[in-house]
Amino acid sequence: MACRIRMDIVEMLNAAGSGHTGGSLSAADIVTALYFYKMKHNPKEPKWDGRDRFVLSKGHAAPVQYAALARAGYFPVEELRTLRQLGSRLQGHPDSKKLPGVEVSTGSLGQGLSISSGMALALKTDKKPNRVYTLLGDGELQEGQVWEAAMLAAHYGLDNLTAVIDHNGLQIDGPVAKVMGVEPISDKFKAFGWDVIEIDGHDMSAVVDALDRASTHRGRPTAIVARTIKGKGCTLFEGKVEFHGTAPSDEELQVALKEIGGE
């Protein structure tokens with residue numbers, strides 16, 4: 001399924017002629033595990049009260065969420081090719097007013113963990129068992145609001161909250177370490193009172209195990225620091241900052257589809 005979602009990503013970005021390739025591909029394994037293994041959700045009833053919540057804090061990686069939603073049955077797969085077109089429900093960043101399955105409109109980096117903490121606090125206050133998951137980019141950790149939210153989540157013991165950091169080491173202006181270093185990420189979350197799990201974000205068994213472990217932690221929120229590769233799935237894109245916000249050409253698309261999907 002993660003391979004299928006990666007193929008959807010490059011196809012829709014090629015059709016749009018714009019969008020974010022690298023960060024969508026790097027998060028594909030994580031998002032696949034959430035939607036097709038871990039989260040409780042119902043495509044036929046997107047607002048089902050018993051659902052877990054997912055917030056794509058790195059909203060520019062919308063293609064990976066759109067592909068997962070379509071493959072899960074929230075809307076027709078054929079609609080993916082309308083990405084970024086005028087009037088499409090699949091805007092450049094997720095729009096909760098238009099697309100079923102999108103909990104929050106995101107895109108302004110740094111806000112997702114705050115929103116997720118509020119959701120988790122409300123659910124905990126109401127004594128509901130639902131969980132909240134949010135996906136952040138590592139460059140996004142440069143935003144001060146992330147750390148205010150981290151402090152709040154630990155203060156209120158939001159053990160129903162899991163934040164996954166897509167730690168691919170690159171952002172639009174270059175390597176995260178050069179633009180503004182965010183390491184040591186794990187030690188920082190620990191210092192803020194979080195439980196931390198470090199994994200290879202492309203090892204599906206490790207991703208699944210981390211999500212399971214996070215749901216057993218009590219009294220603290222959990223941060224999963226997932227080391228990933230920008231553009232994972234096609235060597236044309238892997239580890240290349242220029243594909244942060246560049247769509248595949250027709251030729252690059254064919255190479256990517258063959259490499260991701262095989263024969």
# chains A, B, ... in the order shown; residues from 1 in each chain; ligands from 1
call {"tool": "residues_around", "arguments": {"residues": "A:Ser26", "least_positions_apart": "4", "cutoff": "8 Å", "atoms": "only C-alpha atoms", "output": "ChimeraX atom specification"}}
result
/A:22,166,168,228-232
call {"tool": "write_last_selection", "arguments": {"atoms": "C-alpha atoms", "output": "mmCIF file, in the first residue's frame"}}
result
data_model
loop_
_atom_site.group_PDB
_atom_site.id
_atom_site.type_symbol
_atom_site.label_atom_id
_atom_site.label_comp_id
_atom_site.auth_asym_id
_atom_site.auth_seq_id
_atom_site.Cartn_x
_atom_site.Cartn_y
_atom_site.Cartn_z
ATOM 1 C CA GLY A 22 10.200 15.053 -1.379
ATOM 2 C CA ASP A 166 9.392 13.060 9.637
ATOM 3 C CA ASN A 168 14.416 13.662 6.551
ATOM 4 C CA THR A 228 13.522 9.152 6.735
ATOM 5 C CA ILE A 229 14.873 9.979 3.283
ATOM 6 C CA LYS A 230 13.499 12.951 1.390
ATOM 7 C CA GLY A 231 11.947 11.663 -1.839
ATOM 8 C CA LYS A 232 12.071 8.018 -0.705
#
call {"tool": "closest_atom_pairs", "arguments": {"of": "stretch 130-227 of chain A", "to": "stretch 112-117 of chain A", "cutoff": "12 Å", "atoms": "only C-alpha atoms", "output": "JSON lines"}}
result
{"residue": "A:Arg131", "atom": "CA", "partner": "A:Ser116", "partner_atom": "CA", "distance": 9.8}
{"residue": "A:Val132", "atom": "CA", "partner": "A:Ser116", "partner_atom": "CA", "distance": 6.4}
{"residue": "A:Tyr133", "atom": "CA", "partner": "A:Ser116", "partner_atom": "CA", "distance": 7.3}
{"residue": "A:Thr134", "atom": "CA", "partner": "A:Ser116", "partner_atom": "CA", "distance": 6.6}
{"residue": "A:Leu135", "atom": "CA", "partner": "A:Gly112", "partner_atom": "CA", "distance": 8.0}
{"residue": "A:Leu136", "atom": "CA", "partner": "A:Gly112", "partner_atom": "CA", "distance": 7.5}
{"residue": "A:Gly137", "atom": "CA", "partner": "A:Gly112", "partner_atom": "CA", "distance": 10.5}
{"residue": "A:Glu140", "atom": "CA", "partner": "A:Gly112", "partner_atom": "CA", "distance": 9.9}
{"residue": "A:Leu141", "atom": "CA", "partner": "A:Leu113", "partner_atom": "CA", "distance": 10.2}
{"residue": "A:Glu143", "atom": "CA", "partner": "A:Leu113", "partner_atom": "CA", "distance": 10.8}
{"residue": "A:Gly144", "atom": "CA", "partner": "A:Ser114", "partner_atom": "CA", "distance": 11.0}
{"residue": "A:Gln145", "atom": "CA", "partner": "A:Ser114", "partner_atom": "CA", "distance": 7.4}
{"residue": "A:Val146", "atom": "CA", "partner": "A:Leu113", "partner_atom": "CA", "distance": 6.1}
{"residue": "A:Trp147", "atom": "CA", "partner": "A:Leu113", "partner_atom": "CA", "distance": 8.8}
{"residue": "A:Glu148", "atom": "CA", "partner": "A:Ser114", "partner_atom": "CA", "distance": 7.9}
{"residue": "A:Ala149", "atom": "CA", "partner": "A:Ser114", "partner_atom": "CA", "distance": 4.9}
{"residue": "A:Ala150", "atom": "CA", "partner": "A:Leu113", "partner_atom": "CA", "distance": 7.4}
{"residue": "A:Met151", "atom": "CA", "partner": "A:Ser117", "partner_atom": "CA", "distance": 10.0}
{"residue": "A:Leu152", "atom": "CA", "partner": "A:Ser117", "partner_atom": "CA", "distance": 7.6}
{"residue": "A:Ala153", "atom": "CA", "partner": "A:Ser117", "partner_atom": "CA", "distance": 5.8}
{"residue": "A:Ala154", "atom": "CA", "partner": "A:Ser117", "partner_atom": "CA", "distance": 9.5}
{"residue": "A:His155", "atom": "CA", "partner": "A:Ser117", "partner_atom": "CA", "distance": 10.8}
{"residue": "A:Tyr156", "atom": "CA", "partner": "A:Ser117", "partner_atom": "CA", "distance": 9.3}
{"residue": "A:Gly157", "atom": "CA", "partner": "A:Ser117", "partner_atom": "CA", "distance": 10.3}
{"residue": "A:Leu158", "atom": "CA", "partner": "A:Ser117", "partner_atom": "CA", "distance": 7.5}
{"residue": "A:Asp159", "atom": "CA", "partner": "A:Ser117", "partner_atom": "CA", "distance": 10.3}
{"residue": "A:Asn160", "atom": "CA", "partner": "A:Ser117", "partner_atom": "CA", "distance": 9.3}
{"residue": "A:Leu161", "atom": "CA", "partner": "A:Ser117", "partner_atom": "CA", "distance": 7.0}
{"residue": "A:Thr162", "atom": "CA", "partner": "A:Ser116", "partner_atom": "CA", "distance": 9.0}
{"residue": "A:Ala163", "atom": "CA", "partner": "A:Leu113", "partner_atom": "CA", "distance": 7.4}
{"residue": "A:Val164", "atom": "CA", "partner": "A:Leu113", "partner_atom": "CA", "distance": 10.1}
{"residue": "A:Ile165", "atom": "CA", "partner": "A:Leu113", "partner_atom": "CA", "distance": 10.8}
{"residue": "A:Arg220", "atom": "CA", "partner": "A:Ser117", "partner_atom": "CA", "distance": 11.9}
{"residue": "A:Pro221", "atom": "CA", "partner": "A:Ser117", "partner_atom": "CA", "distance": 9.4}
{"residue": "A:Thr222", "atom": "CA", "partner": "A:Ser117", "partner_atom": "CA", "distance": 11.7}
{"residue": "A:Ala223", "atom": "CA", "partner": "A:Leu113", "partner_atom": "CA", "distance": 10.9}
call {"tool": "residues_around", "arguments": {"residues": "stretch 203-206 of chain A", "least_positions_apart": "3", "cutoff": "10 Å", "atoms": "only C-alpha atoms", "output": "list of chain:residue names"}}
result
A:Ala2, A:Asp29, A:Ile30, A:Thr32, A:Ala33, A:Glu198, A:Ile199, A:Asp200, A:Asp209, A:Ala210, A:Leu211, A:Asp212, A:Ala226, A:Arg227, A:Thr228
call {"tool": "write_last_selection", "arguments": {"atoms": "N, CA and C atoms", "output": "short mmCIF file (atom, residue, chain, number, x, y, z; two decimals), in the first residue's frame"}}
result
data_model
loop_
_atom_site.label_atom_id
_atom_site.label_comp_id
_atom_site.auth_asym_id
_atom_site.auth_seq_id
_atom_site.Cartn_x
_atom_site.Cartn_y
_atom_site.Cartn_z
N ALA A 2 1.97 1.22 0.73
CA ALA A 2 2.86 2.38 0.73
C ALA A 2 3.42 2.64 -0.66
N ASP A 29 5.39 5.86 4.32
CA ASP A 29 5.30 4.66 5.16
C ASP A 29 4.57 4.97 6.47
N ILE A 30 4.87 6.12 7.03
CA ILE A 30 4.23 6.53 8.29
C ILE A 30 2.73 6.70 8.11
N THR A 32 0.81 5.54 5.74
CA THR A 32 0.20 4.25 5.41
C THR A 32 -0.07 3.44 6.67
N ALA A 33 0.90 3.39 7.57
CA ALA A 33 0.72 2.64 8.81
C ALA A 33 -0.42 3.22 9.65
N GLU A 198 12.72 6.27 18.84
CA GLU A 198 13.46 6.55 17.61
C GLU A 198 13.38 5.34 16.68
N ILE A 199 13.08 5.59 15.41
CA ILE A 199 12.93 4.49 14.46
C ILE A 199 13.46 4.88 13.08
N ASP A 200 13.62 3.86 12.24
CA ASP A 200 13.79 4.03 10.81
C ASP A 200 12.39 4.20 10.23
N ASP A 209 5.39 -1.08 15.16
CA ASP A 209 5.74 -1.36 16.56
C ASP A 209 5.76 -0.07 17.38
N ALA A 210 6.30 1.01 16.81
CA ALA A 210 6.36 2.28 17.54
C ALA A 210 4.97 2.83 17.81
N LEU A 211 4.08 2.73 16.84
CA LEU A 211 2.71 3.20 17.04
C LEU A 211 2.01 2.39 18.12
N ASP A 212 2.25 1.08 18.12
CA ASP A 212 1.66 0.23 19.16
C ASP A 212 2.22 0.58 20.54
N ALA A 226 11.18 9.67 13.48
CA ALA A 226 11.35 8.73 12.38
C ALA A 226 12.38 9.26 11.39
N ARG A 227 13.52 8.62 11.34
CA ARG A 227 14.54 9.03 10.37
C ARG A 227 14.13 8.54 8.99
N THR A 228 14.02 9.47 8.07
CA THR A 228 13.52 9.15 6.73
C THR A 228 14.45 9.75 5.67
#
call {"tool": "residues_around", "arguments": {"residues": "A:Thr21", "least_positions_apart": "3", "cutoff": "9 Å", "atoms": "only C-alpha atoms", "output": "PyMOL selection string"}}
result
chain A and resi 9-10+13+18+24-26+61+63+230-231+237+243-248
call {"tool": "write_last_selection", "arguments": {"atoms": "N, CA and C atoms", "output": "PDB file, in the first residue's frame"}}
result
ATOM      1  N   ILE A   9       1.222   9.600  -5.479  1.00  0.00           N
ATOM      2  CA  ILE A   9       1.829  10.904  -5.207  1.00  0.00           C
ATOM      3  C   ILE A   9       2.513  11.457  -6.449  1.00  0.00           C
ATOM      4  N   VAL A  10       3.376  10.658  -7.061  1.00  0.00           N
ATOM      5  CA  VAL A  10       4.120  11.176  -8.212  1.00  0.00           C
ATOM      6  C   VAL A  10       3.196  11.399  -9.407  1.00  0.00           C
ATOM      7  N   LEU A  13       1.181  14.716  -8.665  1.00  0.00           N
ATOM      8  CA  LEU A  13       2.050  15.884  -8.739  1.00  0.00           C
ATOM      9  C   LEU A  13       2.439  16.182 -10.182  1.00  0.00           C
ATOM     10  N   SER A  18       2.913  20.958 -10.201  1.00  0.00           N
ATOM     11  CA  SER A  18       3.470  21.661  -9.035  1.00  0.00           C
ATOM     12  C   SER A  18       3.133  20.869  -7.782  1.00  0.00           C
ATOM     13  N   SER A  24       6.389  14.488   0.712  1.00  0.00           N
ATOM     14  CA  SER A  24       5.244  13.575   0.591  1.00  0.00           C
ATOM     15  C   SER A  24       5.726  12.139   0.534  1.00  0.00           C
ATOM     16  N   LEU A  25       6.782  11.903  -0.257  1.00  0.00           N
ATOM     17  CA  LEU A  25       7.316  10.550  -0.382  1.00  0.00           C
ATOM     18  C   LEU A  25       7.980  10.069   0.905  1.00  0.00           C
ATOM     19  N   SER A  26       8.654  10.968   1.622  1.00  0.00           N
ATOM     20  CA  SER A  26       9.347  10.540   2.840  1.00  0.00           C
ATOM     21  C   SER A  26       8.372  10.095   3.924  1.00  0.00           C
ATOM     22  N   ALA A  61       2.718  18.594   2.541  1.00  0.00           N
ATOM     23  CA  ALA A  61       2.793  17.194   2.109  1.00  0.00           C
ATOM     24  C   ALA A  61       1.399  16.613   1.912  1.00  0.00           C
ATOM     25  N   PRO A  63      -0.290  15.705  -0.624  1.00  0.00           N
ATOM     26  CA  PRO A  63      -0.496  14.553  -1.519  1.00  0.00           C
ATOM     27  C   PRO A  63      -0.455  13.198  -0.825  1.00  0.00           C
ATOM     28  N   LYS A 230      14.297  12.072   2.242  1.00  0.00           N
ATOM     29  CA  LYS A 230      13.499  12.951   1.390  1.00  0.00           C
ATOM     30  C   LYS A 230      13.382  12.318   0.004  1.00  0.00           C
ATOM     31  N   GLY A 231      12.150  12.236  -0.517  1.00  0.00           N
ATOM     32  CA  GLY A 231      11.947  11.663  -1.839  1.00  0.00           C
ATOM     33  C   GLY A 231      12.037  10.158  -1.897  1.00  0.00           C
ATOM     34  N   PHE A 237      14.864  11.394  -6.856  1.00  0.00           N
ATOM     35  CA  PHE A 237      14.412  12.391  -5.886  1.00  0.00           C
ATOM     36  C   PHE A 237      15.078  12.262  -4.525  1.00  0.00           C
ATOM     37  N   PHE A 243      13.911  18.831  -4.904  1.00  0.00           N
ATOM     38  CA  PHE A 243      12.600  18.223  -5.079  1.00  0.00           C
ATOM     39  C   PHE A 243      11.705  18.415  -3.856  1.00  0.00           C
ATOM     40  N   HIS A 244      12.078  19.363  -3.006  1.00  0.00           N
ATOM     41  CA  HIS A 244      11.176  19.707  -1.894  1.00  0.00           C
ATOM     42  C   HIS A 244       9.841  20.177  -2.451  1.00  0.00           C
ATOM     43  N   GLY A 245       9.898  21.099  -3.415  1.00  0.00           N
ATOM     44  CA  GLY A 245       8.667  21.668  -3.958  1.00  0.00           C
ATOM     45  C   GLY A 245       8.617  21.641  -5.468  1.00  0.00           C
ATOM     46  N   THR A 246       9.187  20.604  -6.074  1.00  0.00           N
ATOM     47  CA  THR A 246       9.197  20.463  -7.525  1.00  0.00           C
ATOM     48  C   THR A 246       8.486  19.176  -7.930  1.00  0.00           C
ATOM     49  N   ALA A 247       7.587  19.293  -8.884  1.00  0.00           N
ATOM     50  CA  ALA A 247       6.848  18.117  -9.355  1.00  0.00           C
ATOM     51  C   ALA A 247       7.653  17.349 -10.394  1.00  0.00           C
ATOM     52  N   PRO A 248       7.446  16.034 -10.505  1.00  0.00           N
ATOM     53  CA  PRO A 248       8.153  15.239 -11.513  1.00  0.00           C
ATOM     54  C   PRO A 248       7.732  15.615 -12.934  1.00  0.00           C
TER      55      PRO A 248
END
call {"tool": "residues_around", "arguments": {"residues": "A:Gln254", "least_positions_apart": "5", "cutoff": "12 Å", "atoms": "only C-alpha atoms", "output": "PDB file with C-alpha atoms, in the first residue's frame"}}
result
ATOM      1  CA  MET A   7       2.839   5.998  -7.152  1.00  0.00           C
ATOM      2  CA  VAL A  10       4.120  11.176  -8.212  1.00  0.00           C
ATOM      3  CA  GLU A  11       1.221  10.759 -10.638  1.00  0.00           C
ATOM      4  CA  ASN A  14       2.995  15.337 -12.375  1.00  0.00           C
ATOM      5  CA  CYS A 234      12.921   6.906  -6.443  1.00  0.00           C
ATOM      6  CA  LEU A 236      15.945  10.630  -8.899  1.00  0.00           C
ATOM      7  CA  PRO A 248       8.153  15.239 -11.513  1.00  0.00           C
ATOM      8  CA  SER A 249       8.394  15.836 -15.251  1.00  0.00           C
ATOM      9  CA  GLU A 259      11.295   2.137  -9.678  1.00  0.00           C
ATOM     10  CA  ILE A 260       8.543   2.365  -7.078  1.00  0.00           C
ATOM     11  CA  GLY A 261       6.175  -0.191  -8.557  1.00  0.00           C
ATOM     12  CA  GLY A 262       8.554  -2.564 -10.291  1.00  0.00           C
ATOM     13  CA  GLU A 263       7.279  -4.519 -13.279  1.00  0.00           C
TER      14      GLU A 263
END
call {"tool": "select_by_dssp", "arguments": {"residues": "stretch 70-140 of chain A", "states": "helix (DSSP H, G or I)", "output": "list in words"}}
result
Ala70, Arg71, Ala72, Val77, Glu78, Glu79, Leu80, Arg81, Thr82, Gly112, Leu113, Ser114, Ile115, Ser116, Ser117, Gly118, Met119, Ala120, Leu121, Ala122, Leu123, Lys124, Thr125, Gly139 and Glu140 of chain A
call {"tool": "select_by_dssp", "arguments": {"residues": "stretch 52-91 of chain A", "states": "strand (DSSP E or B)", "output": "VMD selection string"}}
result
chain A and resid 53 to 56
call {"tool": "decode", "arguments": {"residues": "stretch 137-158 of chain A", "atoms": "N, CA and C atoms", "output": "PDB file, in the first residue's frame"}}
result
ATOM      1  N   GLY A 137       7.235  17.985  10.218  1.00  0.00           N
ATOM      2  CA  GLY A 137       8.522  17.920   9.554  1.00  0.00           C
ATOM      3  C   GLY A 137       9.617  18.331  10.525  1.00  0.00           C
ATOM      4  N   ASP A 138      10.858  17.926  10.239  1.00  0.00           N
ATOM      5  CA  ASP A 138      11.937  18.310  11.154  1.00  0.00           C
ATOM      6  C   ASP A 138      12.266  19.796  11.040  1.00  0.00           C
ATOM      7  N   GLY A 139      12.198  20.350   9.842  1.00  0.00           N
ATOM      8  CA  GLY A 139      12.402  21.785   9.697  1.00  0.00           C
ATOM      9  C   GLY A 139      11.339  22.578  10.429  1.00  0.00           C
ATOM     10  N   GLU A 140      10.161  22.004  10.554  1.00  0.00           N
ATOM     11  CA  GLU A 140       9.059  22.647  11.263  1.00  0.00           C
ATOM     12  C   GLU A 140       9.374  22.856  12.741  1.00  0.00           C
ATOM     13  N   LEU A 141      10.282  22.048  13.276  1.00  0.00           N
ATOM     14  CA  LEU A 141      10.632  22.168  14.689  1.00  0.00           C
ATOM     15  C   LEU A 141      11.368  23.476  14.984  1.00  0.00           C
ATOM     16  N   GLN A 142      11.708  24.212  13.944  1.00  0.00           N
ATOM     17  CA  GLN A 142      12.303  25.535  14.133  1.00  0.00           C
ATOM     18  C   GLN A 142      11.270  26.554  14.624  1.00  0.00           C
ATOM     19  N   GLU A 143       9.996  26.210  14.518  1.00  0.00           N
ATOM     20  CA  GLU A 143       8.921  27.100  14.958  1.00  0.00           C
ATOM     21  C   GLU A 143       8.758  27.029  16.476  1.00  0.00           C
ATOM     22  N   GLY A 144       8.788  28.176  17.124  1.00  0.00           N
ATOM     23  CA  GLY A 144       8.674  28.212  18.584  1.00  0.00           C
ATOM     24  C   GLY A 144       7.362  27.670  19.106  1.00  0.00           C
ATOM     25  N   GLN A 145       6.297  27.804  18.325  1.00  0.00           N
ATOM     26  CA  GLN A 145       4.986  27.333  18.762  1.00  0.00           C
ATOM     27  C   GLN A 145       4.978  25.831  19.021  1.00  0.00           C
ATOM     28  N   VAL A 146       5.823  25.092  18.289  1.00  0.00           N
ATOM     29  CA  VAL A 146       5.908  23.640  18.499  1.00  0.00           C
ATOM     30  C   VAL A 146       6.283  23.348  19.940  1.00  0.00           C
ATOM     31  N   TRP A 147       7.222  24.097  20.469  1.00  0.00           N
ATOM     32  CA  TRP A 147       7.729  23.808  21.809  1.00  0.00           C
ATOM     33  C   TRP A 147       6.797  24.308  22.899  1.00  0.00           C
ATOM     34  N   GLU A 148       6.022  25.343  22.621  1.00  0.00           N
ATOM     35  CA  GLU A 148       4.962  25.736  23.555  1.00  0.00           C
ATOM     36  C   GLU A 148       3.931  24.618  23.656  1.00  0.00           C
ATOM     37  N   ALA A 149       3.572  24.045  22.514  1.00  0.00           N
ATOM     38  CA  ALA A 149       2.609  22.944  22.503  1.00  0.00           C
ATOM     39  C   ALA A 149       3.184  21.713  23.198  1.00  0.00           C
ATOM     40  N   ALA A 150       4.471  21.455  22.979  1.00  0.00           N
ATOM     41  CA  ALA A 150       5.109  20.308  23.626  1.00  0.00           C
ATOM     42  C   ALA A 150       5.064  20.447  25.141  1.00  0.00           C
ATOM     43  N   MET A 151       5.274  21.674  25.611  1.00  0.00           N
ATOM     44  CA  MET A 151       5.230  21.930  27.053  1.00  0.00           C
ATOM     45  C   MET A 151       3.821  21.704  27.593  1.00  0.00           C
ATOM     46  N   LEU A 152       2.822  22.189  26.868  1.00  0.00           N
ATOM     47  CA  LEU A 152       1.429  22.032  27.297  1.00  0.00           C
ATOM     48  C   LEU A 152       1.023  20.558  27.338  1.00  0.00           C
ATOM     49  N   ALA A 153       1.382  19.825  26.277  1.00  0.00           N
ATOM     50  CA  ALA A 153       0.972  18.422  26.192  1.00  0.00           C
ATOM     51  C   ALA A 153       1.531  17.608  27.346  1.00  0.00           C
ATOM     52  N   ALA A 154       2.773  17.887  27.725  1.00  0.00           N
ATOM     53  CA  ALA A 154       3.366  17.164  28.850  1.00  0.00           C
ATOM     54  C   ALA A 154       2.732  17.596  30.168  1.00  0.00           C
ATOM     55  N   HIS A 155       2.465  18.887  30.295  1.00  0.00           N
ATOM     56  CA  HIS A 155       1.867  19.404  31.533  1.00  0.00           C
ATOM     57  C   HIS A 155       0.525  18.727  31.827  1.00  0.00           C
ATOM     58  N   TYR A 156      -0.257  18.501  30.781  1.00  0.00           N
ATOM     59  CA  TYR A 156      -1.572  17.898  30.960  1.00  0.00           C
ATOM     60  C   TYR A 156      -1.555  16.366  30.809  1.00  0.00           C
ATOM     61  N   GLY A 157      -0.384  15.802  30.675  1.00  0.00           N
ATOM     62  CA  GLY A 157      -0.278  14.343  30.616  1.00  0.00           C
ATOM     63  C   GLY A 157      -1.056  13.732  29.478  1.00  0.00           C
ATOM     64  N   LEU A 158      -0.935  14.309  28.293  1.00  0.00           N
ATOM     65  CA  LEU A 158      -1.746  13.865  27.151  1.00  0.00           C
ATOM     66  C   LEU A 158      -1.190  12.578  26.542  1.00  0.00           C
TER      67      LEU A 158
END
